[in-house]
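Undergrad: What follows is the file start_15.txt, containing compact mmCIF, C-alpha atoms and all ligand atoms:
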```txt
# COMPACT_ATOMS: atom_id res chain seq x y z
CA MET A 19 -38.93 -77.29 -65.48
CA ARG A 20 -37.53 -80.78 -65.15
CA ASP A 21 -38.46 -83.38 -62.53
CA SER A 22 -34.93 -83.84 -61.31
CA TYR A 23 -31.77 -81.74 -60.80
CA ASP A 24 -28.31 -82.20 -59.34
CA LEU A 25 -28.98 -79.33 -56.94
CA LEU A 26 -32.11 -77.61 -55.68
CA VAL A 27 -31.58 -74.22 -54.01
CA ILE A 28 -34.43 -72.89 -51.88
CA GLY A 29 -34.38 -69.09 -51.62
CA GLY A 30 -33.14 -66.39 -54.00
CA GLY A 31 -31.28 -64.12 -51.54
CA PRO A 32 -27.50 -63.56 -51.80
CA GLY A 33 -26.74 -66.98 -50.28
CA GLY A 34 -28.95 -68.95 -52.65
CA ALA A 35 -27.85 -66.92 -55.66
CA ILE A 36 -24.14 -67.52 -55.06
CA ALA A 37 -24.78 -71.21 -54.41
CA ALA A 38 -26.73 -71.51 -57.67
CA ARG A 39 -24.17 -69.49 -59.64
CA THR A 40 -21.24 -71.55 -58.31
CA ALA A 41 -22.92 -74.88 -59.06
CA ALA A 42 -24.15 -73.85 -62.52
CA THR A 43 -20.70 -72.51 -63.43
CA GLU A 44 -19.29 -75.95 -62.63
CA GLY A 45 -21.78 -77.51 -65.04
CA TYR A 46 -24.27 -78.96 -62.55
CA SER A 47 -27.98 -78.77 -63.23
CA VAL A 48 -29.52 -76.38 -60.71
CA LEU A 49 -33.00 -75.14 -59.90
CA LEU A 50 -33.37 -72.07 -57.67
CA VAL A 51 -36.85 -71.41 -56.30
CA GLU A 52 -37.92 -68.13 -54.70
CA LYS A 53 -41.32 -67.72 -53.08
CA ARG A 54 -41.59 -63.99 -53.70
CA PRO A 55 -42.80 -62.70 -57.07
CA ALA A 56 -39.67 -60.59 -57.55
CA ILE A 57 -36.07 -61.21 -56.52
CA GLY A 58 -34.77 -58.59 -54.08
CA ALA A 59 -38.09 -57.04 -53.08
CA PRO A 60 -39.23 -56.03 -50.58
CA VAL A 61 -35.85 -55.09 -49.09
CA ARG A 62 -35.36 -56.07 -45.47
CA CYS A 63 -31.82 -54.84 -44.95
CA ALA A 64 -29.74 -51.75 -44.15
CA GLU A 65 -27.67 -52.76 -47.22
CA GLY A 66 -24.18 -52.14 -45.82
CA ILE A 67 -21.23 -54.31 -46.89
CA GLY A 68 -17.43 -54.01 -46.73
CA LYS A 69 -15.66 -53.34 -50.02
CA GLU A 70 -13.31 -56.31 -49.88
CA ALA A 71 -16.09 -58.62 -48.77
CA LEU A 72 -18.21 -57.66 -51.76
CA ALA A 73 -15.35 -57.88 -54.26
CA GLU A 74 -14.76 -61.49 -53.26
CA PHE A 75 -18.01 -62.39 -55.02
CA VAL A 76 -18.93 -59.78 -57.58
CA LYS A 77 -17.38 -56.84 -59.37
CA PRO A 78 -18.78 -53.62 -57.88
CA ASP A 79 -21.17 -51.89 -60.24
CA GLU A 80 -22.77 -48.48 -59.84
CA ARG A 81 -26.10 -49.90 -61.03
CA TRP A 82 -26.59 -51.50 -57.62
CA ILE A 83 -24.35 -49.43 -55.35
CA SER A 84 -26.23 -46.53 -53.77
CA SER A 85 -23.24 -44.94 -52.06
CA GLU A 86 -19.64 -45.34 -51.06
CA ILE A 87 -18.81 -44.76 -47.41
CA LYS A 88 -15.59 -43.23 -46.09
CA ARG A 89 -16.02 -43.36 -42.34
CA ALA A 90 -18.23 -44.51 -39.47
CA GLU A 91 -19.37 -42.37 -36.56
CA LEU A 92 -20.24 -43.86 -33.18
CA VAL A 93 -22.52 -41.72 -31.02
CA ALA A 94 -22.50 -42.37 -27.26
CA PRO A 95 -25.72 -42.20 -25.22
CA ASP A 96 -24.76 -38.69 -24.05
CA GLY A 97 -24.34 -37.49 -27.65
CA VAL A 98 -20.53 -37.40 -27.72
CA SER A 99 -19.30 -39.02 -30.91
CA MET A 100 -16.13 -40.51 -32.32
CA MET A 101 -15.12 -41.06 -35.92
CA LEU A 102 -13.60 -44.20 -37.35
CA GLU A 103 -11.88 -43.41 -40.64
CA SER A 104 -11.98 -46.12 -43.29
CA ASP A 105 -8.63 -47.69 -42.37
CA MET A 106 -9.88 -48.26 -38.79
CA ALA A 107 -13.55 -48.92 -39.35
CA GLY A 108 -12.89 -52.02 -41.47
CA SER A 109 -16.06 -53.87 -42.34
CA LYS A 110 -18.26 -51.09 -41.00
CA VAL A 111 -17.51 -48.97 -44.05
CA GLY A 112 -17.71 -49.81 -47.68
CA TYR A 113 -20.80 -49.65 -49.80
CA ILE A 114 -24.48 -49.17 -49.21
CA LEU A 115 -26.07 -51.41 -51.79
CA ASP A 116 -29.36 -51.17 -53.58
CA ARG A 117 -30.46 -54.68 -52.80
CA LYS A 118 -33.45 -54.63 -55.12
CA PHE A 119 -30.91 -54.58 -57.95
CA PHE A 120 -28.00 -56.30 -56.20
CA ASP A 121 -29.98 -59.46 -55.39
CA ARG A 122 -31.31 -59.48 -58.96
CA GLU A 123 -27.84 -59.12 -60.41
CA LEU A 124 -26.64 -62.16 -58.45
CA VAL A 125 -29.61 -64.24 -59.58
CA TRP A 126 -29.13 -63.05 -63.16
CA GLN A 127 -25.53 -64.20 -62.96
CA ALA A 128 -26.69 -67.60 -61.69
CA ALA A 129 -29.21 -67.81 -64.56
CA GLU A 130 -26.58 -66.77 -67.11
CA ALA A 131 -24.32 -69.51 -65.78
CA GLY A 132 -27.10 -72.00 -66.53
CA ALA A 133 -29.24 -72.21 -63.39
CA GLU A 134 -33.00 -72.42 -63.82
CA VAL A 135 -34.81 -69.82 -61.74
CA MET A 136 -38.45 -69.87 -60.68
CA VAL A 137 -40.04 -66.98 -58.80
CA LYS A 138 -43.40 -67.04 -57.02
CA THR A 139 -42.45 -70.65 -56.29
CA ARG A 140 -42.48 -71.89 -52.73
CA ALA A 141 -40.87 -75.05 -51.38
CA SER A 142 -43.66 -76.37 -49.16
CA ALA A 143 -42.18 -79.66 -47.93
CA PRO A 144 -39.02 -81.69 -48.28
CA VAL A 145 -38.98 -84.90 -50.30
CA ILE A 146 -37.39 -87.43 -47.97
CA GLN A 147 -36.36 -90.94 -49.02
CA ASP A 148 -34.86 -93.37 -46.51
CA GLY A 149 -34.05 -90.47 -44.19
CA THR A 150 -32.23 -88.46 -46.89
CA VAL A 151 -33.49 -85.14 -48.26
CA LYS A 152 -34.04 -85.66 -51.98
CA GLY A 153 -35.55 -82.36 -53.11
CA ALA A 154 -38.80 -80.59 -52.31
CA VAL A 155 -42.46 -80.28 -53.08
CA ILE A 156 -42.83 -76.93 -54.78
CA ASN A 157 -45.89 -74.79 -55.35
CA PHE A 158 -46.02 -72.43 -58.30
CA CYS A 159 -49.00 -70.54 -59.64
CA GLY A 160 -51.42 -72.91 -57.94
CA ASP A 161 -49.63 -76.07 -59.13
CA ARG A 162 -47.83 -78.52 -56.89
CA LYS A 163 -44.95 -80.66 -58.01
CA LYS A 164 -42.26 -82.90 -56.55
CA VAL A 165 -38.78 -81.90 -57.66
CA HIS A 166 -36.02 -84.42 -57.03
CA ALA A 167 -32.48 -83.28 -56.33
CA ASP A 168 -29.34 -85.15 -55.36
CA LEU A 169 -28.45 -82.27 -53.04
CA THR A 170 -30.73 -79.63 -51.55
CA ILE A 171 -29.49 -76.29 -50.24
CA ALA A 172 -31.70 -74.44 -47.75
CA ALA A 173 -31.08 -70.72 -48.33
CA ASP A 174 -34.50 -69.63 -47.12
CA GLY A 175 -33.42 -66.90 -44.74
CA VAL A 176 -34.07 -66.00 -41.14
CA GLU A 177 -37.59 -67.46 -41.10
CA SER A 178 -36.33 -70.74 -42.58
CA LYS A 179 -39.04 -73.35 -42.34
CA PHE A 180 -37.52 -75.81 -44.76
CA THR A 181 -34.61 -76.57 -42.44
CA ARG A 182 -37.05 -77.25 -39.59
CA TRP A 183 -39.15 -79.50 -41.80
CA CYS A 184 -35.99 -81.52 -42.43
CA GLY A 185 -35.67 -82.16 -38.70
CA ILE A 186 -33.11 -79.51 -37.67
CA ASP A 187 -34.12 -77.35 -34.70
CA THR A 188 -33.87 -73.72 -35.81
CA THR A 189 -35.45 -72.05 -32.77
CA VAL A 190 -33.89 -68.70 -31.80
CA PRO A 191 -34.39 -67.53 -28.19
CA VAL A 192 -36.48 -64.32 -28.13
CA ARG A 193 -33.65 -62.42 -26.45
CA GLU A 194 -31.43 -63.26 -29.42
CA ILE A 195 -33.77 -61.95 -32.09
CA MET A 196 -33.13 -58.33 -32.88
CA SER A 197 -36.46 -56.75 -33.53
CA SER A 198 -35.84 -54.27 -36.35
CA ALA A 199 -37.55 -51.42 -38.15
CA GLN A 200 -36.23 -49.24 -40.91
CA PHE A 201 -37.37 -46.19 -42.87
CA LEU A 202 -35.91 -45.23 -46.22
CA MET A 203 -35.92 -41.48 -45.72
CA THR A 204 -35.31 -38.62 -48.05
CA ASP A 205 -34.92 -34.87 -47.71
CA ILE A 206 -32.79 -35.25 -44.57
CA ASP A 207 -29.58 -33.52 -43.49
CA ILE A 208 -26.83 -36.14 -43.40
CA ASP A 209 -23.18 -36.54 -44.27
CA PRO A 210 -23.44 -38.78 -47.36
CA ASP A 211 -19.96 -40.26 -46.75
CA THR A 212 -20.53 -41.36 -43.15
CA THR A 213 -22.51 -44.18 -41.58
CA VAL A 214 -23.71 -43.26 -38.10
CA PHE A 215 -24.37 -45.68 -35.24
CA TYR A 216 -26.27 -44.45 -32.17
CA LEU A 217 -25.81 -46.42 -28.95
CA GLY A 218 -27.63 -46.36 -25.63
CA ASN A 219 -30.50 -47.87 -23.74
CA LYS A 220 -32.80 -44.91 -24.39
CA VAL A 221 -32.12 -44.89 -28.14
CA ALA A 222 -31.88 -48.63 -28.84
CA PRO A 223 -31.89 -50.99 -25.84
CA GLU A 224 -29.37 -53.81 -26.31
CA GLY A 225 -28.92 -52.81 -29.92
CA TYR A 226 -28.18 -49.78 -32.02
CA LEU A 227 -29.75 -47.31 -34.37
CA TRP A 228 -28.19 -46.65 -37.75
CA VAL A 229 -28.18 -44.02 -40.46
CA PHE A 230 -26.76 -45.51 -43.68
CA PRO A 231 -26.59 -42.88 -46.46
CA LYS A 232 -27.90 -43.83 -49.88
CA GLY A 233 -27.31 -40.46 -51.49
CA GLU A 234 -26.86 -36.76 -50.69
CA ARG A 235 -30.10 -36.44 -48.70
CA THR A 236 -31.37 -40.02 -48.53
CA ALA A 237 -30.60 -42.79 -46.05
CA ASN A 238 -31.72 -46.05 -44.50
CA VAL A 239 -32.59 -45.00 -40.96
CA GLY A 240 -33.13 -48.11 -38.91
CA ILE A 241 -32.95 -49.74 -35.53
CA GLY A 242 -32.46 -53.15 -33.97
CA ILE A 243 -33.39 -53.79 -30.34
CA SER A 244 -33.40 -56.97 -28.32
CA GLY A 245 -36.61 -58.96 -28.80
CA LYS A 246 -37.00 -59.16 -25.03
CA LYS A 247 -37.07 -55.35 -24.76
CA SER A 248 -39.82 -55.04 -27.34
CA GLY A 249 -43.46 -54.54 -26.27
CA PRO A 250 -46.47 -52.24 -26.68
CA GLY A 251 -45.26 -48.62 -26.88
CA HIS A 252 -41.62 -49.66 -27.00
CA ARG A 253 -41.33 -51.69 -30.14
CA ALA A 254 -38.41 -51.08 -32.51
CA ARG A 255 -40.66 -48.90 -34.63
CA ASP A 256 -41.66 -46.74 -31.63
CA TYR A 257 -38.00 -46.03 -30.83
CA LEU A 258 -37.33 -45.26 -34.47
CA GLU A 259 -40.28 -42.88 -34.77
CA ARG A 260 -39.14 -40.99 -31.67
CA PHE A 261 -35.61 -40.69 -33.05
CA VAL A 262 -36.78 -39.55 -36.47
CA ALA A 263 -39.20 -36.98 -35.02
CA ASP A 264 -36.32 -35.51 -33.07
CA ARG A 265 -33.46 -35.81 -35.58
CA PHE A 266 -35.15 -35.57 -38.99
CA PRO A 267 -38.48 -33.81 -38.29
CA HIS A 268 -38.87 -32.64 -41.90
CA GLY A 269 -37.68 -35.86 -43.58
CA LYS A 270 -40.01 -37.94 -45.72
CA THR A 271 -40.34 -41.70 -45.34
CA ILE A 272 -40.70 -43.39 -48.71
CA GLU A 273 -40.34 -46.99 -47.58
CA CYS A 274 -40.89 -48.70 -44.27
CA MET A 275 -40.06 -52.21 -43.13
CA VAL A 276 -39.99 -54.32 -39.99
CA GLY A 277 -38.11 -57.56 -39.59
CA GLY A 278 -36.05 -59.79 -37.36
CA VAL A 279 -32.33 -60.53 -37.29
CA SER A 280 -30.99 -63.51 -35.36
CA VAL A 281 -27.97 -62.60 -33.24
CA CYS A 282 -27.64 -66.03 -31.67
CA ARG A 283 -24.92 -68.59 -32.25
CA PRO A 284 -25.13 -70.45 -35.57
CA LEU A 285 -27.10 -73.70 -35.73
CA PRO A 286 -25.22 -76.45 -33.87
CA GLU A 287 -25.19 -78.45 -37.11
CA THR A 288 -25.74 -77.07 -40.62
CA VAL A 289 -25.99 -80.32 -42.60
CA ALA A 290 -28.19 -83.40 -42.72
CA ASP A 291 -28.34 -86.31 -45.14
CA GLY A 292 -28.83 -84.69 -48.56
CA LEU A 293 -29.13 -81.16 -47.13
CA ILE A 294 -26.86 -78.15 -46.56
CA VAL A 295 -28.11 -75.06 -44.74
CA ILE A 296 -26.58 -71.66 -45.58
CA GLY A 297 -26.84 -67.96 -44.76
CA ASP A 298 -29.49 -66.64 -42.39
CA ALA A 299 -31.17 -70.05 -42.37
CA ALA A 300 -27.99 -71.40 -40.75
CA ARG A 301 -27.90 -68.35 -38.41
CA VAL A 302 -24.48 -67.30 -39.66
CA VAL A 303 -25.23 -63.62 -39.15
CA ASP A 304 -22.61 -61.56 -37.32
CA PRO A 305 -24.19 -61.37 -33.83
CA LEU A 306 -22.59 -58.00 -33.06
CA THR A 307 -23.53 -56.07 -36.19
CA GLY A 308 -26.44 -58.09 -37.58
CA GLY A 309 -24.63 -58.19 -40.94
CA GLY A 310 -25.17 -61.35 -42.96
CA ILE A 311 -24.91 -60.61 -46.68
CA TYR A 312 -21.25 -61.63 -46.94
CA ASN A 313 -21.72 -64.61 -44.66
CA ALA A 314 -24.63 -65.85 -46.78
CA MET A 315 -22.54 -65.62 -49.97
CA PHE A 316 -19.54 -67.22 -48.26
CA THR A 317 -21.53 -70.19 -46.98
CA GLY A 318 -23.35 -70.44 -50.34
CA ARG A 319 -20.05 -70.86 -52.16
CA MET A 320 -18.63 -73.27 -49.60
CA ALA A 321 -21.81 -75.38 -49.61
CA VAL A 322 -21.35 -75.98 -53.34
CA GLN A 323 -17.60 -76.59 -53.08
CA VAL A 324 -18.20 -79.36 -50.55
CA GLY A 325 -21.52 -80.47 -52.01
CA THR A 326 -20.21 -81.05 -55.51
CA LYS A 327 -17.35 -83.16 -54.16
CA ALA A 328 -19.94 -85.21 -52.31
CA LEU A 329 -22.01 -85.52 -55.50
CA ALA A 330 -18.97 -86.67 -57.45
CA ALA A 331 -18.29 -89.31 -54.79
CA GLU A 332 -22.00 -90.28 -54.79
CA ASP A 333 -22.11 -89.77 -51.06
CA VAL A 334 -24.26 -86.89 -49.76
CA SER A 335 -24.57 -88.32 -46.27
CA ARG A 336 -24.42 -86.01 -43.26
CA GLU A 337 -20.89 -87.32 -42.56
CA ALA A 338 -19.67 -86.45 -46.06
CA LEU A 339 -21.25 -82.97 -45.87
CA MET A 340 -19.74 -82.25 -42.46
CA ASP A 341 -16.68 -80.83 -44.28
CA TYR A 342 -18.91 -77.83 -45.03
CA ASP A 343 -19.91 -77.43 -41.38
CA ARG A 344 -16.32 -77.66 -40.19
CA GLY A 345 -15.10 -75.54 -43.10
CA TRP A 346 -17.11 -72.42 -42.38
CA ARG A 347 -16.68 -72.72 -38.59
CA ASP A 348 -12.88 -72.86 -39.03
CA SER A 349 -12.85 -69.97 -41.54
CA PRO A 350 -12.14 -66.36 -40.49
CA MET A 351 -15.89 -65.74 -40.97
CA GLY A 352 -16.81 -68.54 -38.54
CA LYS A 353 -14.23 -67.37 -36.02
CA THR A 354 -15.49 -63.79 -36.23
CA ILE A 355 -19.04 -64.97 -35.54
CA ALA A 356 -17.87 -66.98 -32.50
CA ARG A 357 -15.85 -64.03 -31.15
CA ASN A 358 -18.50 -61.41 -31.87
CA TRP A 359 -21.17 -63.44 -30.11
CA HIS A 360 -19.16 -63.10 -26.89
CA ILE A 361 -18.57 -59.41 -27.49
CA LYS A 362 -22.30 -58.90 -28.12
CA GLU A 363 -23.18 -60.70 -24.89
CA LYS A 364 -20.87 -58.32 -23.00
CA PHE A 365 -21.95 -55.25 -24.94
CA ILE A 366 -25.64 -55.68 -24.07
CA THR A 367 -24.85 -55.58 -20.35
CA LEU A 368 -23.11 -52.19 -20.51
CA SER A 369 -24.93 -49.28 -18.89
CA ASP A 370 -25.17 -45.95 -20.68
CA ALA A 371 -22.59 -44.53 -18.25
CA LYS A 372 -20.12 -47.24 -19.25
CA LEU A 373 -20.80 -46.79 -22.96
CA ASN A 374 -20.20 -43.06 -22.49
CA ALA A 375 -16.92 -43.72 -20.69
CA ILE A 376 -15.69 -46.09 -23.41
CA ILE A 377 -16.49 -43.72 -26.27
CA HIS A 378 -15.06 -40.71 -24.45
CA SER A 379 -11.78 -42.55 -23.89
CA ALA A 380 -11.58 -44.01 -27.38
CA LYS A 381 -12.21 -40.56 -28.85
CA ALA A 382 -9.16 -39.22 -27.03
CA ILE A 383 -6.87 -41.92 -28.43
CA ASP A 384 -5.22 -41.86 -31.84
CA LEU A 385 -6.85 -45.05 -33.05
CA LYS A 386 -4.40 -45.60 -35.89
CA ASP A 387 -1.74 -46.66 -33.40
CA PHE A 388 -3.87 -49.38 -31.81
CA SER A 389 -5.03 -52.89 -32.49
CA THR A 390 -8.39 -53.84 -30.97
CA ILE A 391 -6.71 -55.51 -27.99
CA SER A 392 -4.28 -52.67 -27.32
CA LEU A 393 -7.15 -50.19 -27.65
CA ILE A 394 -9.16 -52.05 -25.01
CA LYS A 395 -6.10 -52.15 -22.73
CA GLU A 396 -5.63 -48.43 -23.15
CA ILE A 397 -9.29 -47.74 -22.33
CA MET A 398 -8.96 -49.96 -19.23
CA LYS A 399 -5.95 -47.93 -18.13
CA ARG A 400 -7.92 -44.72 -18.50
CA ASN A 401 -11.09 -46.11 -16.82
CA PRO A 402 -10.26 -48.35 -13.85
CA LEU A 403 -14.02 -48.66 -13.18
CA LEU A 404 -14.44 -50.51 -16.47
CA LEU A 405 -11.76 -53.03 -15.62
CA ALA A 406 -14.09 -55.94 -14.91
CA ASP A 407 -16.28 -55.34 -17.99
CA LEU A 408 -13.42 -54.92 -20.41
CA ALA A 409 -11.36 -57.76 -18.94
CA GLY A 410 -14.32 -60.03 -19.75
CA LEU A 411 -14.35 -58.63 -23.26
CA MET A 412 -10.61 -59.22 -23.69
CA ALA A 413 -10.99 -62.81 -22.53
CA SER A 414 -13.74 -63.40 -25.08
CA ILE A 415 -11.77 -62.05 -28.03
CA GLY A 416 -8.60 -63.78 -26.95
C1 LIG B 501 -33.32 -54.66 -40.63
C2 LIG B 501 -32.18 -55.46 -41.21
C3 LIG B 501 -31.01 -54.82 -41.55
C4 LIG B 501 -29.93 -55.55 -42.06
N1 LIG B 501 -28.82 -54.88 -42.45
C5 LIG B 501 -27.76 -55.56 -42.96
C6 LIG B 501 -26.62 -54.87 -43.43
O1 LIG B 501 -26.53 -53.63 -43.42
N2 LIG B 501 -25.59 -55.61 -43.91
C7 LIG B 501 -25.64 -56.96 -43.96
O2 LIG B 501 -24.64 -57.59 -44.38
N3 LIG B 501 -26.72 -57.65 -43.56
C8 LIG B 501 -27.80 -56.97 -43.07
N4 LIG B 501 -28.93 -57.65 -42.70
C9 LIG B 501 -28.96 -59.12 -42.83
C10 LIG B 501 -29.10 -59.54 -44.29
O3 LIG B 501 -30.25 -58.96 -44.84
C11 LIG B 501 -29.18 -61.07 -44.35
O4 LIG B 501 -28.14 -61.60 -43.57
C12 LIG B 501 -29.05 -61.60 -45.78
O5 LIG B 501 -30.09 -61.16 -46.60
C13 LIG B 501 -29.03 -63.14 -45.73
O6 LIG B 501 -29.07 -63.67 -47.03
P1 LIG B 501 -29.74 -65.10 -47.28
O7 LIG B 501 -29.55 -65.38 -48.72
O8 LIG B 501 -29.27 -66.06 -46.27
O9 LIG B 501 -31.29 -64.89 -46.94
P2 LIG B 501 -32.34 -63.87 -47.54
O10 LIG B 501 -31.71 -62.71 -48.17
O11 LIG B 501 -33.32 -63.61 -46.43
O12 LIG B 501 -33.06 -64.70 -48.68
C14 LIG B 501 -33.88 -65.80 -48.37
C15 LIG B 501 -34.91 -65.94 -49.48
O13 LIG B 501 -35.59 -67.19 -49.35
C16 LIG B 501 -36.93 -66.99 -49.74
N5 LIG B 501 -37.72 -68.09 -49.17
C17 LIG B 501 -38.02 -68.29 -47.86
N6 LIG B 501 -38.72 -69.43 -47.72
C18 LIG B 501 -38.87 -69.95 -48.97
C19 LIG B 501 -39.52 -71.13 -49.46
N7 LIG B 501 -40.16 -71.99 -48.64
N8 LIG B 501 -39.50 -71.37 -50.79
C20 LIG B 501 -38.86 -70.49 -51.64
N9 LIG B 501 -38.24 -69.37 -51.22
C21 LIG B 501 -38.23 -69.10 -49.90
C22 LIG B 501 -37.27 -65.62 -49.18
O14 LIG B 501 -38.40 -65.06 -49.83
C23 LIG B 501 -35.98 -64.85 -49.44
O15 LIG B 501 -36.01 -64.17 -50.65
C24 LIG B 501 -30.04 -56.96 -42.21
C25 LIG B 501 -31.24 -57.60 -41.88
C26 LIG B 501 -32.31 -56.87 -41.41
C27 LIG B 501 -33.60 -57.56 -41.09
```
What would you get if you wrote out this structure as structure tokens?

TA:
Amino acid sequence: MRDSYDLLVIGGGPGGAIAARTAATEGYSVLLVEKRPAIGAPVRCAEGIGKEALAEFVKPDERWISSEIKRAELVAPDGVSMMLESDMAGSKVGYILDRKFFDRELVWQAAEAGAEVMVKTRASAPVIQDGTVKGAVINFCGDRKKVHADLTIAADGVESKFTRWCGIDTTVPVREIMSSAQFLMTDIDIDPDTTVFYLGNKVAPEGYLWVFPKGERTANVGIGISGKKSGPGHRARDYLERFVADRFPHGKTIECMVGGVSVCRPLPETVADGLIVIGDAARVVDPLTGGGIYNAMFTGRMAVQVGTKALAAEDVSREALMDYDRGWRDSPMGKTIARNWHIKEKFITLSDAKLNAIIHSAKAIDLKDFSTISLIKEIMKRNPLLLADLAGLMASIG
């Protein structure tokens, strides 16, 4: 390990890996540090990603793809369900990854491109000179060392402390943290080609429960509920256990995880002098779905595109790095996040009766003939009682 690099990337998730790979490919010296002993483990993710989204960054490979999905099923609170075939379901179908291997593959690619990678290495404080972030103090195997970098990228995920240490407020209101739990289950009866989303305040208050197949009889069965709805006896895990006991009584759980997903708006500002914040650390998760793998990779690549220009111009000031902040906000990804935040805010107010009515109506419509807006209009026509709710939704998605 050297004392000084062009770029220091903190965190070895998909965001950090793509940032490191992009910078190393362009010939910059890069150090990526990851606090966990192994890249990709433990997995805290349902592992779903759209096909096109994935292909933008890496060639699909069966070594880290668990299954290919053809359709999504939405189940209303009363049990009535509707199918979205792949041409309608868009980003909700695609692949279910095996992130233990996927995350490793991305970091391998970064290493092959020339990035130095250190695992079991935690960034414990920023190095700040004259108000500019200039690297980090890192701890590895009991040793502590200052590493200098001309540009630092915070890719340290939803619990990002580094960004806060650099003076950016990263607080997420409790109501906008999805409290999540997930079991990797096997020996269960599922359709291996279909992801299933269960809606309703009894199943998953202000959230949803998912079954993402990872094989013929194996799936990620998980749930996200609003942090404000979580409490003793009704935590995410309690809801999940009740669902599993009812739906998959003979299934076996071979992995179990709990975690949080931020479904708030992104950070008001994702740069500071010498620092760019990407992925979950920047809160660029889709607030409606909780999906953030693509967004992390997208912001990782853009951070380096802007950051390396700033390095070449020898100006890594906040002003120079603002092109990154504006860039992702103006991108289709940034616009989707802004729109989906409004939709999520509306969605969480819907009663079970209204969710039932929406799914019943949508089920009766040939979805292929409709855009999202025309579909909502059609549902409004069929359900005058939903007029006010759906008009609000229409206004938010423009
Ligand atoms: C239950 C659940 C289900 C999800 N399902 C999906 C899904 O189906 N599809 C989807 O697209 N997204 C999903 N997500 C979100 C997705 O997992 C994240 O958006 C994605 O992993 C973000 O990537 P990242 O690189 O920003 O952060 P992460 O993948 O979280 O990586 C951050 C890394 O930084 C490391 N780190 C943290 N602090 C330090 C430090 N001080 N020093 C060194 N290293 C540090 C961490 O150990 C971690 O490895 C889900 C999340 C959860 C919790």

Undergrad: As an exercise, work out the distance from atom CA of A:Ala129 to atom CA of A:Lys327 in Å and give it to one decimal place.

TA: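 Result for atom CA of A:Ala129 versus atom CA of A:Lys327: 22.0 Å, one decimal.
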
Undergrad: So that I can see what lies close to A:Gly242, please list as a list in words the residues with an atom at most 7 Å from it, counting all atoms listed in the file and leaving out residues fewer than 2 positions away in the same chain.

TA: Met196, Ser197, Ser198, Ala199, Ala222, Gly225, Tyr226, Leu227, Ser244 and Ala254 of chain A

Undergrad: How would you write, as JSON, numbers by chain, the set of residues no farther than 6 Å from ligand LIG 501 (chain B) when counting all atoms listed in the file?

TA: {"A": [28, 29, 30, 31, 32, 33, 34, 51, 52, 53, 54, 62, 63, 64, 65, 66, 67, 139, 140, 141, 142, 173, 174, 175, 176, 178, 198, 199, 277, 278, 279, 297, 298, 299, 303, 308, 309, 310, 311, 312, 314]}

Undergrad: My list of candidates is A:Ala131, A:Val137, A:Val295, A:Ala38. Which is closest to A:Lys179 when distances are computed with only C-alpha atoms?

TA: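 Smallest distance to A:Lys179 is found for A:Val295.
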
Undergrad: Which distance in Å separates atom CA of A:Met320 and atom CA of A:Glu44, to one decimal?

TA: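 Computing the Euclidean distance for atom CA of A:Met320 and atom CA of A:Glu44 yields 13.3 Å.
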
Undergrad: Which residues, written as a PyMOL selection string, have at least one atom at most 10 Å from A:Gly45, with only C-alpha atoms counted and residues fewer than 3 positions away on the same chain left out?

TA: chain A and resi 24+39-42+48+131-133

Undergrad: Check the smallest atom-to-atom distance from each of A:Met203, A:Val281, A:Ile366, A:Ala59 to A:Pro223 using all atoms listed in the file, then report the winner.

TA: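 Of A:Met203, A:Val281, A:Ile366, A:Ala59, the one nearest A:Pro223, counting all atoms listed in the file, is A:Ile366.
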
Undergrad: What's the separation between atom CA of A:Ser84 and atom CA of A:Leu115, in Å to one decimal place?

TA: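 Computed distance, atom CA of A:Ser84 to atom CA of A:Leu115, equals 5.3 Å.
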
Undergrad: Nearest to A:Trp346: which of A:Arg122, A:Lys362, A:Arg235, A:Arg319 is it, counting only C-alpha atoms?

TA: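 Distance minimum relative to A:Trp346 lands on A:Arg319.
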
Undergrad: Restricting the calculation to only C-alpha atoms, which member of A:Lys88, A:Arg347, A:Arg253, A:Arg265 is positioned closest to A:Glu287?

TA: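 Looking only at the distances to A:Glu287, the closest residue turns out to be A:Arg347.
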
Undergrad: Is there a way to get, as a ChimeraX atom specification, all residues within 9 Å of the point (-32.7, -74.9, -34.9) in file coordinates, counting only C-alpha atoms?

TA: /A:181-182,185-190,284-287,300-301

Undergrad: Distance cut-off 12 Å, centre (-21.0, -49.2, -47.7) in file coordinates, counting all atoms listed in the file: which residues qualify? Return them as a PyMOL selection string.

TA: chain A and resi 64-72+78+82-90+104+107-116+210-214+229-233+237-238+309

Undergrad: Identify, on the basis of all atoms listed in the file, every residue whose closest approach to A:Lys152 does not exceed 10 Å; exclude the query and any residue fewer than 6 positions from it along the same chain; express the result as a compact mmCIF listing (two decimals) with C-alpha atoms, in the coordinates of the input.

TA:
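Result file follows (out.txt):
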```txt
# COMPACT_ATOMS: atom_id res chain seq x y z
CA SER A 22 -34.93 -83.84 -61.31
CA TYR A 23 -31.77 -81.74 -60.80
CA ASP A 24 -28.31 -82.20 -59.34
CA LEU A 25 -28.98 -79.33 -56.94
CA LEU A 26 -32.11 -77.61 -55.68
CA PRO A 144 -39.02 -81.69 -48.28
CA VAL A 145 -38.98 -84.90 -50.30
CA ILE A 146 -37.39 -87.43 -47.97
CA LYS A 164 -42.26 -82.90 -56.55
CA VAL A 165 -38.78 -81.90 -57.66
CA HIS A 166 -36.02 -84.42 -57.03
CA ALA A 167 -32.48 -83.28 -56.33
CA ASP A 168 -29.34 -85.15 -55.36
CA LEU A 169 -28.45 -82.27 -53.04
CA THR A 170 -30.73 -79.63 -51.55
CA ASP A 291 -28.34 -86.31 -45.14
CA GLY A 292 -28.83 -84.69 -48.56
CA LEU A 293 -29.13 -81.16 -47.13
```
